[in-house]
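Asker: Input structure: run.cif, which contains mmCIF, C-alpha atoms and all ligand atoms; chains and numbers go by the auth columns.
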data_data
loop_
_atom_site.group_PDB
_atom_site.id
_atom_site.type_symbol
_atom_site.label_atom_id
_atom_site.label_comp_id
_atom_site.label_asym_id
_atom_site.label_seq_id
_atom_site.Cartn_x
_atom_site.Cartn_y
_atom_site.Cartn_z
_atom_site.B_iso_or_equiv
_atom_site.auth_seq_id
_atom_site.auth_asym_id
ATOM 1 C CA MET A 1 -2.510 9.273 -22.587 0.00 870 G
ATOM 2 C CA ASN A 2 0.471 10.415 -20.573 0.00 871 G
ATOM 3 C CA SER A 3 -0.479 12.557 -17.561 0.00 872 G
ATOM 4 C CA GLN A 4 2.330 14.965 -18.476 0.00 873 G
ATOM 5 C CA GLN A 5 0.419 15.689 -21.685 0.00 874 G
ATOM 6 C CA LEU A 6 -2.984 16.159 -20.106 0.00 875 G
ATOM 7 C CA THR A 7 -4.760 19.103 -21.601 0.00 876 G
ATOM 8 C CA ALA A 8 -6.570 21.776 -19.652 0.00 877 G
ATOM 9 C CA ALA A 9 -9.809 20.284 -20.997 0.00 878 G
ATOM 10 C CA ALA A 10 -8.926 16.827 -19.639 0.00 879 G
ATOM 11 C CA LEU A 11 -8.052 18.274 -16.234 0.00 880 G
ATOM 12 C CA GLU A 12 -11.328 20.204 -16.241 0.00 881 G
ATOM 13 C CA ALA A 13 -13.268 17.032 -17.115 0.00 882 G
ATOM 14 C CA GLY A 14 -11.616 15.336 -14.141 0.00 883 G
ATOM 15 C CA ARG A 15 -12.409 18.215 -11.834 0.00 884 G
ATOM 16 C CA LYS A 16 -16.044 18.227 -12.955 0.00 885 G
ATOM 17 C CA LEU A 17 -16.509 14.481 -12.568 0.00 886 G
ATOM 18 C CA PHE A 18 -15.145 14.467 -9.030 0.00 887 G
ATOM 19 C CA ALA A 19 -16.976 17.666 -8.033 0.00 888 G
ATOM 20 C CA GLN A 20 -20.219 15.711 -8.222 0.00 889 G
ATOM 21 C CA GLU A 21 -21.906 14.170 -5.251 0.00 890 G
ATOM 22 C CA CYS A 22 -20.295 10.949 -4.147 0.00 891 G
ATOM 23 C CA ARG A 23 -22.397 8.722 -1.955 0.00 892 G
ATOM 24 C CA PHE A 24 -22.024 5.319 -0.386 0.00 893 G
ATOM 25 C CA VAL A 25 -24.320 2.808 -2.054 0.00 894 G
ATOM 26 C CA ILE A 26 -23.558 -0.666 -0.796 0.00 895 G
ATOM 27 C CA GLY A 27 -20.926 -2.775 0.904 0.00 896 G
ATOM 28 C CA ALA A 28 -20.725 -6.219 -0.662 0.00 897 G
ATOM 29 C CA ALA A 29 -19.323 -8.948 1.553 0.00 898 G
ATOM 30 C CA LYS A 30 -20.389 -11.745 -0.781 0.00 899 G
ATOM 31 C CA GLU A 31 -20.551 -12.217 -4.502 0.00 900 G
ATOM 32 C CA ALA A 32 -24.351 -12.302 -4.372 0.00 901 G
ATOM 33 C CA GLN A 33 -24.369 -8.781 -2.902 0.00 902 G
ATOM 34 C CA LEU A 34 -22.462 -7.191 -5.774 0.00 903 G
ATOM 35 C CA PRO A 35 -24.642 -4.628 -7.539 0.00 904 G
ATOM 36 C CA THR A 36 -25.834 -5.476 -11.023 0.00 905 G
ATOM 37 C CA PRO A 37 -23.152 -4.246 -13.409 0.00 906 G
ATOM 38 C CA GLY A 38 -24.209 -0.944 -14.913 0.00 907 G
ATOM 39 C CA GLN A 39 -22.259 2.280 -14.897 0.00 908 G
ATOM 40 C CA PRO A 40 -18.474 2.175 -15.305 0.00 909 G
ATOM 41 C CA GLU A 41 -16.533 1.149 -12.203 0.00 910 G
ATOM 42 C CA ILE A 42 -13.119 2.307 -11.027 0.00 911 G
ATOM 43 C CA GLY A 43 -11.602 0.078 -8.363 0.00 912 G
ATOM 44 C CA PHE A 44 -9.045 0.963 -5.696 0.00 913 G
ATOM 45 C CA ALA A 45 -6.919 -1.719 -4.078 0.00 914 G
ATOM 46 C CA GLY A 46 -3.781 -1.809 -1.986 0.00 915 G
ATOM 47 C CA ARG A 47 -2.153 -3.068 1.182 0.00 916 G
ATOM 48 C CA SER A 48 -3.713 -1.940 4.428 0.00 917 G
ATOM 49 C CA ASN A 49 -2.337 1.424 5.417 0.00 918 G
ATOM 50 C CA VAL A 50 -1.248 2.260 1.847 0.00 919 G
ATOM 51 C CA GLY A 51 -3.351 5.447 2.061 0.00 920 G
ATOM 52 C CA LYS A 52 -6.412 4.212 0.149 0.00 921 G
ATOM 53 C CA SER A 53 -9.048 5.966 2.275 0.00 922 G
ATOM 54 C CA SER A 54 -7.020 9.168 2.181 0.00 923 G
ATOM 55 C CA LEU A 55 -6.678 8.988 -1.604 0.00 924 G
ATOM 56 C CA LEU A 56 -10.399 8.348 -2.119 0.00 925 G
ATOM 57 C CA ASN A 57 -11.212 11.296 0.119 0.00 926 G
ATOM 58 C CA ALA A 58 -8.734 13.511 -1.721 0.00 927 G
ATOM 59 C CA LEU A 59 -10.195 12.498 -5.095 0.00 928 G
ATOM 60 C CA ALA A 60 -13.737 13.214 -3.987 0.00 929 G
ATOM 61 C CA GLY A 61 -12.688 16.354 -2.106 0.00 930 G
ATOM 62 C CA ARG A 62 -14.242 14.998 1.091 0.00 931 G
ATOM 63 C CA LYS A 63 -12.901 14.544 4.580 0.00 932 G
ATOM 64 C CA SER A 64 -14.477 11.246 5.459 0.00 933 G
ATOM 65 C CA LEU A 65 -15.997 9.667 2.377 0.00 934 G
ATOM 66 C CA ALA A 66 -14.275 6.349 2.794 0.00 935 G
ATOM 67 C CA ARG A 67 -15.405 6.134 6.383 0.00 936 G
ATOM 68 C CA VAL A 68 -19.050 6.839 5.659 0.00 937 G
ATOM 69 C CA SER A 69 -19.273 3.110 5.356 0.00 938 G
ATOM 70 C CA GLY A 70 -17.661 2.734 8.772 0.00 939 G
ATOM 71 C CA THR A 71 -19.891 -0.046 9.963 0.00 940 G
ATOM 72 C CA PRO A 72 -18.267 -3.104 11.539 0.00 941 G
ATOM 73 C CA GLY A 73 -16.905 -5.375 8.851 0.00 942 G
ATOM 74 C CA ALA A 74 -16.843 -2.607 6.262 0.00 943 G
ATOM 75 C CA THR A 75 -13.145 -3.142 5.759 0.00 944 G
ATOM 76 C CA ARG A 76 -13.856 -6.693 4.563 0.00 945 G
ATOM 77 C CA GLN A 77 -16.315 -5.512 1.966 0.00 946 G
ATOM 78 C CA LEU A 78 -16.216 -4.088 -1.492 0.00 947 G
ATOM 79 C CA ASN A 79 -17.645 -0.637 -0.872 0.00 948 G
ATOM 80 C CA PHE A 80 -19.430 0.988 -3.791 0.00 949 G
ATOM 81 C CA PHE A 81 -19.706 4.786 -4.031 0.00 950 G
ATOM 82 C CA ASP A 82 -21.863 6.391 -6.671 0.00 951 G
ATOM 83 C CA LEU A 83 -20.178 9.376 -8.301 0.00 952 G
ATOM 84 C CA GLY A 84 -22.874 11.651 -9.664 0.00 953 G
ATOM 85 C CA GLY A 85 -24.708 8.766 -11.348 0.00 954 G
ATOM 86 C CA ARG A 86 -21.805 8.470 -13.810 0.00 955 G
ATOM 87 C CA ALA A 87 -19.505 5.960 -12.179 0.00 956 G
ATOM 88 C CA TYR A 88 -18.973 3.737 -9.191 0.00 957 G
ATOM 89 C CA LEU A 89 -15.809 4.113 -7.171 0.00 958 G
ATOM 90 C CA VAL A 90 -15.168 0.707 -5.659 0.00 959 G
ATOM 91 C CA ASP A 91 -13.074 0.509 -2.512 0.00 960 G
ATOM 92 C CA LEU A 92 -11.610 -2.981 -2.215 0.00 961 G
ATOM 93 C CA PRO A 93 -10.646 -4.298 1.209 0.00 962 G
ATOM 94 C CA GLY A 94 -6.977 -3.746 2.076 0.00 963 G
ATOM 95 C CA TYR A 95 -4.757 -6.791 1.907 0.00 964 G
ATOM 96 C CA GLY A 96 -1.469 -7.929 3.362 0.00 965 G
ATOM 97 C CA PHE A 97 -2.111 -6.890 6.947 0.00 966 G
ATOM 98 C CA ALA A 98 0.408 -8.530 9.216 0.00 967 G
ATOM 99 C CA ARG A 99 -1.975 -10.381 11.512 0.00 968 G
ATOM 100 C CA ALA A 100 -4.458 -11.619 8.927 0.00 969 G
ATOM 101 C CA GLY A 101 -5.440 -15.210 9.543 0.00 970 G
ATOM 102 C CA LYS A 102 -5.710 -17.868 6.864 0.00 971 G
ATOM 103 C CA GLN A 103 -9.488 -17.611 6.955 0.00 972 G
ATOM 104 C CA ASP A 104 -9.375 -13.837 6.328 0.00 973 G
ATOM 105 C CA ILE A 105 -6.992 -14.274 3.432 0.00 974 G
ATOM 106 C CA ALA A 106 -9.117 -17.047 1.937 0.00 975 G
ATOM 107 C CA GLU A 107 -12.271 -14.926 2.243 0.00 976 G
ATOM 108 C CA TRP A 108 -10.515 -11.911 0.733 0.00 977 G
ATOM 109 C CA ASN A 109 -9.248 -13.993 -2.146 0.00 978 G
ATOM 110 C CA SER A 110 -12.584 -15.552 -2.947 0.00 979 G
ATOM 111 C CA LEU A 111 -14.479 -12.241 -2.867 0.00 980 G
ATOM 112 C CA ILE A 112 -11.865 -10.443 -4.949 0.00 981 G
ATOM 113 C CA ARG A 113 -11.598 -13.283 -7.437 0.00 982 G
ATOM 114 C CA ALA A 114 -15.391 -13.316 -7.750 0.00 983 G
ATOM 115 C CA TYR A 115 -15.388 -9.583 -8.378 0.00 984 G
ATOM 116 C CA LEU A 116 -12.521 -9.560 -10.855 0.00 985 G
ATOM 117 C CA ARG A 117 -13.763 -12.546 -12.805 0.00 986 G
ATOM 118 C CA GLY A 118 -15.429 -11.066 -15.850 0.00 987 G
ATOM 119 C CA ARG A 119 -16.651 -7.808 -14.320 0.00 988 G
ATOM 120 C CA ALA A 120 -16.978 -6.005 -17.635 0.00 989 G
ATOM 121 C CA SER A 121 -18.098 -2.786 -15.941 0.00 990 G
ATOM 122 C CA LEU A 122 -14.795 -2.546 -14.036 0.00 991 G
ATOM 123 C CA ARG A 123 -12.974 -0.218 -16.410 0.00 992 G
ATOM 124 C CA ARG A 124 -9.813 0.198 -14.409 0.00 993 G
ATOM 125 C CA LEU A 125 -8.388 -0.879 -11.101 0.00 994 G
ATOM 126 C CA CYS A 126 -5.992 1.512 -9.390 0.00 995 G
ATOM 127 C CA LEU A 127 -3.416 -0.569 -7.558 0.00 996 G
ATOM 128 C CA LEU A 128 -2.012 1.687 -4.866 0.00 997 G
ATOM 129 C CA ILE A 129 1.625 1.391 -3.899 0.00 998 G
ATOM 130 C CA ASP A 130 3.250 3.265 -1.022 0.00 999 G
ATOM 131 C CA ALA A 131 6.040 5.250 -2.720 0.00 1000 G
ATOM 132 C CA ARG A 132 8.460 4.447 0.103 0.00 1001 G
ATOM 133 C CA ARG A 133 7.756 0.729 0.200 0.00 1002 G
ATOM 134 C CA GLY A 134 7.504 -0.086 -3.490 0.00 1003 G
ATOM 135 C CA VAL A 135 5.919 -3.278 -4.786 0.00 1004 G
ATOM 136 C CA GLY A 136 5.891 -5.976 -2.128 0.00 1005 G
ATOM 137 C CA GLU A 137 4.954 -9.642 -2.065 0.00 1006 G
ATOM 138 C CA PRO A 138 1.204 -9.086 -1.443 0.00 1007 G
ATOM 139 C CA ASP A 139 1.141 -6.582 -4.334 0.00 1008 G
ATOM 140 C CA ARG A 140 2.783 -9.133 -6.615 0.00 1009 G
ATOM 141 C CA LYS A 141 0.072 -11.638 -5.729 0.00 1010 G
ATOM 142 C CA ILE A 142 -2.739 -9.290 -6.679 0.00 1011 G
ATOM 143 C CA ARG A 143 -0.916 -8.306 -9.857 0.00 1012 G
ATOM 144 C CA ALA A 144 -0.767 -11.968 -10.796 0.00 1013 G
ATOM 145 C CA LEU A 145 -4.510 -12.175 -10.191 0.00 1014 G
ATOM 146 C CA LEU A 146 -5.140 -9.096 -12.338 0.00 1015 G
ATOM 147 C CA ASP A 147 -2.906 -10.336 -15.135 0.00 1016 G
ATOM 148 C CA GLU A 148 -4.658 -13.709 -15.026 0.00 1017 G
ATOM 149 C CA ALA A 149 -8.084 -12.040 -15.191 0.00 1018 G
ATOM 150 C CA ALA A 150 -6.821 -9.686 -17.965 0.00 1019 G
ATOM 151 C CA GLN A 151 -8.217 -6.861 -15.856 0.00 1020 G
ATOM 152 C CA SER A 152 -7.029 -3.390 -16.860 0.00 1021 G
ATOM 153 C CA TYR A 153 -5.162 -1.815 -13.967 0.00 1022 G
ATOM 154 C CA GLN A 154 -2.773 1.019 -13.217 0.00 1023 G
ATOM 155 C CA LEU A 155 -0.176 1.538 -10.517 0.00 1024 G
ATOM 156 C CA VAL A 156 -0.716 4.657 -8.416 0.00 1025 G
ATOM 157 C CA LEU A 157 1.956 5.732 -5.944 0.00 1026 G
ATOM 158 C CA THR A 158 0.719 7.167 -2.633 0.00 1027 G
ATOM 159 C CA LYS A 159 2.409 9.315 0.038 0.00 1028 G
ATOM 160 C CA THR A 160 4.921 10.769 -2.414 0.00 1029 G
ATOM 161 C CA ASP A 161 5.333 13.777 -0.078 0.00 1030 G
ATOM 162 C CA LYS A 162 7.401 11.484 2.130 0.00 1031 G
ATOM 163 C CA LEU A 163 10.138 11.201 -0.497 0.00 1032 G
ATOM 164 C CA PRO A 164 12.263 13.803 -2.298 0.00 1033 G
ATOM 165 C CA GLU A 165 10.996 14.542 -5.814 0.00 1034 G
ATOM 166 C CA LYS A 166 13.997 12.880 -7.415 0.00 1035 G
ATOM 167 C CA ALA A 167 13.419 9.656 -5.501 0.00 1036 G
ATOM 168 C CA VAL A 168 9.745 9.641 -6.566 0.00 1037 G
ATOM 169 C CA ALA A 169 10.804 10.049 -10.202 0.00 1038 G
ATOM 170 C CA GLU A 170 13.152 7.075 -9.801 0.00 1039 G
ATOM 171 C CA VAL A 171 10.426 4.868 -8.332 0.00 1040 G
ATOM 172 C CA VAL A 172 8.075 5.868 -11.168 0.00 1041 G
ATOM 173 C CA GLU A 173 10.707 5.077 -13.765 0.00 1042 G
ATOM 174 C CA THR A 174 11.632 1.712 -12.238 0.00 1043 G
ATOM 175 C CA LEU A 175 8.002 0.641 -12.015 0.00 1044 G
ATOM 176 C CA GLN A 176 7.225 1.811 -15.536 0.00 1045 G
ATOM 177 C CA ARG A 177 10.154 -0.198 -16.842 0.00 1046 G
ATOM 178 C CA GLU A 178 9.008 -3.257 -14.926 0.00 1047 G
ATOM 179 C CA THR A 179 5.439 -2.770 -16.136 0.00 1048 G
ATOM 180 C CA ALA A 180 6.279 -2.568 -19.842 0.00 1049 G
ATOM 181 C CA GLY A 181 4.939 -5.592 -21.643 0.00 1050 G
ATOM 182 C CA ARG A 182 2.472 -6.656 -18.951 0.00 1051 G
ATOM 183 C CA GLY A 183 -0.630 -6.666 -21.076 0.00 1052 G
ATOM 184 C CA ALA A 184 -3.275 -5.690 -18.539 0.00 1053 G
ATOM 185 C CA CYS A 185 -1.176 -3.077 -16.767 0.00 1054 G
ATOM 186 C CA HIS A 186 -1.488 0.512 -17.949 0.00 1055 G
ATOM 187 C CA PRO A 187 2.037 1.704 -18.803 0.00 1056 G
ATOM 188 C CA GLU A 188 1.895 4.949 -16.853 0.00 1057 G
ATOM 189 C CA VAL A 189 2.538 5.028 -13.113 0.00 1058 G
ATOM 190 C CA LEU A 190 0.866 7.994 -11.419 0.00 1059 G
ATOM 191 C CA ALA A 191 2.458 9.678 -8.395 0.00 1060 G
ATOM 192 C CA THR A 192 0.077 11.135 -5.804 0.00 1061 G
ATOM 193 C CA SER A 193 -0.064 12.566 -2.316 0.00 1062 G
ATOM 194 C CA ALA A 194 -3.343 12.883 -0.439 0.00 1063 G
ATOM 195 C CA GLU A 195 -1.461 15.100 1.990 0.00 1064 G
ATOM 196 C CA THR A 196 -0.335 17.803 -0.474 0.00 1065 G
ATOM 197 C CA GLY A 197 -2.799 17.087 -3.297 0.00 1066 G
ATOM 198 C CA ALA A 198 0.034 16.394 -5.732 0.00 1067 G
ATOM 199 C CA GLY A 199 -1.097 14.277 -8.676 0.00 1068 G
ATOM 200 C CA ILE A 200 -4.769 14.367 -7.627 0.00 1069 G
ATOM 201 C CA PRO A 201 -6.010 16.560 -10.542 0.00 1070 G
ATOM 202 C CA GLU A 202 -4.054 14.321 -12.936 0.00 1071 G
ATOM 203 C CA LEU A 203 -5.528 11.127 -11.484 0.00 1072 G
ATOM 204 C CA ARG A 204 -9.027 12.650 -11.682 0.00 1073 G
ATOM 205 C CA ALA A 205 -8.402 13.516 -15.346 0.00 1074 G
ATOM 206 C CA VAL A 206 -7.127 10.032 -16.195 0.00 1075 G
ATOM 207 C CA LEU A 207 -10.135 8.431 -14.481 0.00 1076 G
ATOM 208 C CA ALA A 208 -12.590 10.810 -16.165 0.00 1077 G
ATOM 209 C CA ALA A 209 -11.176 9.720 -19.520 0.00 1078 G
ATOM 210 C CA VAL A 210 -11.579 6.070 -18.486 0.00 1079 G
ATOM 211 C CA VAL A 211 -15.196 6.661 -17.419 0.00 1080 G
ATOM 212 C CA SER A 212 -16.054 8.381 -20.668 0.00 1081 G
ATOM 213 C CA GLY A 213 -14.498 5.518 -22.591 0.00 1082 G
ATOM 214 C CA GLY A 214 -11.280 7.283 -23.591 0.00 1083 G
HETATM 215 P P1 LIG B . -5.734 2.798 4.209 0.00 1 D
HETATM 216 O O1 LIG B . -5.609 1.789 5.307 0.00 1 D
HETATM 217 O O2 LIG B . -5.060 2.312 2.978 0.00 1 D
HETATM 218 O O3 LIG B . -7.132 3.274 3.951 0.00 1 D
HETATM 219 O O4 LIG B . -4.850 4.069 4.650 0.00 1 D
HETATM 220 P P2 LIG B . -5.260 5.480 5.257 0.00 1 D
HETATM 221 O O5 LIG B . -5.789 6.389 4.228 0.00 1 D
HETATM 222 O O6 LIG B . -6.089 5.279 6.470 0.00 1 D
HETATM 223 O O7 LIG B . -3.812 6.042 5.641 0.00 1 D
HETATM 224 C C1 LIG B . -2.916 5.313 6.464 0.00 1 D
HETATM 225 C C2 LIG B . -1.956 6.299 7.141 0.00 1 D
HETATM 226 O O8 LIG B . -1.159 6.958 6.159 0.00 1 D
HETATM 227 C C3 LIG B . -2.672 7.404 7.910 0.00 1 D
HETATM 228 O O9 LIG B . -1.917 7.683 9.058 0.00 1 D
HETATM 229 C C4 LIG B . -2.645 8.584 6.945 0.00 1 D
HETATM 230 O O10 LIG B . -2.659 9.825 7.599 0.00 1 D
HETATM 231 C C5 LIG B . -1.320 8.362 6.226 0.00 1 D
HETATM 232 N N1 LIG B . -1.370 8.910 4.856 0.00 1 D
HETATM 233 C C6 LIG B . -2.288 8.624 3.895 0.00 1 D
HETATM 234 N N2 LIG B . -2.025 9.290 2.748 0.00 1 D
HETATM 235 C C7 LIG B . -0.923 10.030 2.990 0.00 1 D
HETATM 236 C C8 LIG B . -0.143 10.953 2.196 0.00 1 D
HETATM 237 O O11 LIG B . -0.421 11.239 1.029 0.00 1 D
HETATM 238 N N3 LIG B . 0.959 11.488 2.793 0.00 1 D
HETATM 239 C C9 LIG B . 1.312 11.209 4.073 0.00 1 D
HETATM 240 N N4 LIG B . 2.409 11.800 4.559 0.00 1 D
HETATM 241 N N5 LIG B . 0.610 10.374 4.850 0.00 1 D
HETATM 242 C C10 LIG B . -0.494 9.783 4.323 0.00 1 D
#
Could you take the file, read its structure, and then write that structure out as structure tokens?
Ligand code: GDP
Answerer:
Amino acid sequence: MNSQQLTAAALEAGRKLFAQECRFVIGAAKEAQLPTPGQPEIGFAGRSNVGKSSLLNALAGRKSLARVSGTPGATRQLNFFDLGGRAYLVDLPGYGFARAGKQDIAEWNSLIRAYLRGRASLRRLCLLIDARRGVGEPDRKIRALLDEAAQSYQLVLTKTDKLPEKAVAEVVETLQRETAGRGACHPEVLATSAETGAGIPELRAVLAAVVSGG
């Protein structure tokens, strides 16, 4: 489904899903701590500072959801949030931070690989891309991982309020062209801003359809 063609009913389904209570369930630092697969999962990944916490908060209509888990080390964990007993939102640790040591990168890789390997309940991973920065080297690495795992994912632009509308449309078009033919990547790139709320109802609607198996 193209977000331009979303019906009022689809937008309403998205609003309803994300109006439900969203609560932190568990932070998994190791494969063994991952919850037993059950309800559908929607993952969120991106470079540190891409605006992931802000986007999660905007989706859930909260001010500090993504920081509820603000215990030391939480940023190295996969944080699971239960959305009204219907889905888990899974906040993956940010990657590509400038001062990350080899050990950090190795740990990140092994946890993420463990999670992505055959996690049937992970219905879609939103790969967040800063609209001004575009797809960088660390993003390409995770895309390779997702393609290899045949994990369904979708590019979601963040901070689009920092660019003129025309420039955002160009980034969307370029990425959609580049994405065509990559099997696991959803063809539509969604443009969002946690700051203005642009694209948030559309992203909610797309994710509601994913959760309900659409
Ligand atoms: P995270 O590290 O990916 O979780 O990123 P954060 O959500 O903490 O955001 C990083 C920085 O970007 C913060 O200073 C936010 O205020 C800013 N930011 C996040 N989303 C937006 C947005 O939609 N628009 C603008 N202008 N700034 C944003």
Asker: Work out how far atom CA of Lys885 of chain G is from atom CA of Phe950 of chain G, in Å to one decimal.
Answerer: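 Those two atoms sit 16.5 Å apart.
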Asker: Could you produce a table of the residues of segment 921-1039 of chain G lying within 8 Å of segment 894-912 of chain G, with the nearest pair of atoms per residue and their separation in Å rounded to one decimal, using only C-alpha atoms, ordered by chain and increasing residue number, as a tab-separated table?
Answerer:
residue	atom	partner	partner_atom	distance
G:Ser938	CA	G:Gly896	CA	7.6
G:Ala943	CA	G:Gly896	CA	6.7
G:Arg945	CA	G:Ala898	CA	6.6
G:Gln946	CA	G:Ala898	CA	4.6
G:Leu947	CA	G:Ala897	CA	5.1
G:Asn948	CA	G:Gly896	CA	4.3
G:Phe949	CA	G:Ile895	CA	5.4
G:Phe950	CA	G:Val894	CA	5.4
G:Asp951	CA	G:Val894	CA	6.3
G:Gly954	CA	G:Gln908	CA	7.8
G:Arg955	CA	G:Gln908	CA	6.3
G:Ala956	CA	G:Pro909	CA	5.0
G:Tyr957	CA	G:Glu910	CA	4.7
G:Leu958	CA	G:Ile911	CA	5.0
G:Val959	CA	G:Gly912	CA	4.5
G:Asp960	CA	G:Gly912	CA	6.0
G:Leu961	CA	G:Gly912	CA	6.9
G:Leu980	CA	G:Lys899	CA	6.3
G:Ala983	CA	G:Glu900	CA	6.2
G:Tyr984	CA	G:Glu900	CA	7.0
G:Arg988	CA	G:Pro906	CA	7.5
G:Ala989	CA	G:Pro906	CA	7.7
G:Ser990	CA	G:Pro909	CA	5.0
G:Leu991	CA	G:Glu910	CA	4.5
G:Arg992	CA	G:Glu910	CA	5.7
G:Arg993	CA	G:Ile911	CA	5.2
G:Leu994	CA	G:Gly912	CA	4.3
G:Cys995	CA	G:Gly912	CA	5.9
Asker: Give me, as a Markdown table, each residue of chain G that comes within 6 Å of ligand LIG 1 (chain D), together with its shortest interatomic pair and the distance in Å at one decimal, counting all atoms listed in the file, with rows ordered by chain and rising residue number.
Answerer:
| residue | atom | partner | partner_atom | distance |
| --- | --- | --- | --- | --- |
| G:Ser917 | CA | D:LIG1 | O1 | 4.3 |
| G:Asn918 | CA | D:LIG1 | O1 | 3.3 |
| G:Val919 | CA | D:LIG1 | O2 | 4.0 |
| G:Gly920 | CA | D:LIG1 | O4 | 3.3 |
| G:Lys921 | CA | D:LIG1 | O2 | 3.7 |
| G:Ser922 | CA | D:LIG1 | O3 | 3.7 |
| G:Ser923 | CA | D:LIG1 | O5 | 3.7 |
| G:Thr1027 | CA | D:LIG1 | O11 | 5.6 |
| G:Lys1028 | CA | D:LIG1 | O11 | 3.6 |
| G:Asp1030 | CA | D:LIG1 | N3 | 5.7 |
| G:Lys1031 | CA | D:LIG1 | N4 | 5.6 |
| G:Ser1062 | CA | D:LIG1 | O11 | 3.6 |
| G:Ala1063 | CA | D:LIG1 | O11 | 3.7 |
| G:Glu1064 | CA | D:LIG1 | O11 | 4.1 |
Asker: Provide the atom CA of Thr1043 of chain G to atom CA of Val1058 of chain G distance in Å, to one decimal place.
Answerer: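 Between atom CA of Thr1043 of chain G and atom CA of Val1058 of chain G the gap is 9.7 Å.
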Asker: For atom CA of Gln972 of chain G and atom CA of Asp1016 of chain G, quote the distance in Å rounded to one decimal.
Answerer: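 Distance between the two atoms: 24.2 Å.
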Asker: Of the candidates G:Pro962, G:Leu1014, G:Leu1059, G:Cys1054, which one gets nearest to Ala1000 of chain G if we count all atoms listed in the file?
Answerer: G:Leu1059
Asker: List as number ranges by chain the protein and nucleic acid residues near Ala1018 of chain G, meaning an atom at most 10 Å away when only C-alpha atoms are counted, but skip any in the same chain fewer than 6 places from it.
Answerer: G: 982, 985-988, 1012, 1053
Asker: Closest to Tyr1022 of chain G among G:Glu1057, G:Glu890, G:Glu1042, G:Glu1034, using only C-alpha atoms?
Answerer: G:Glu1057
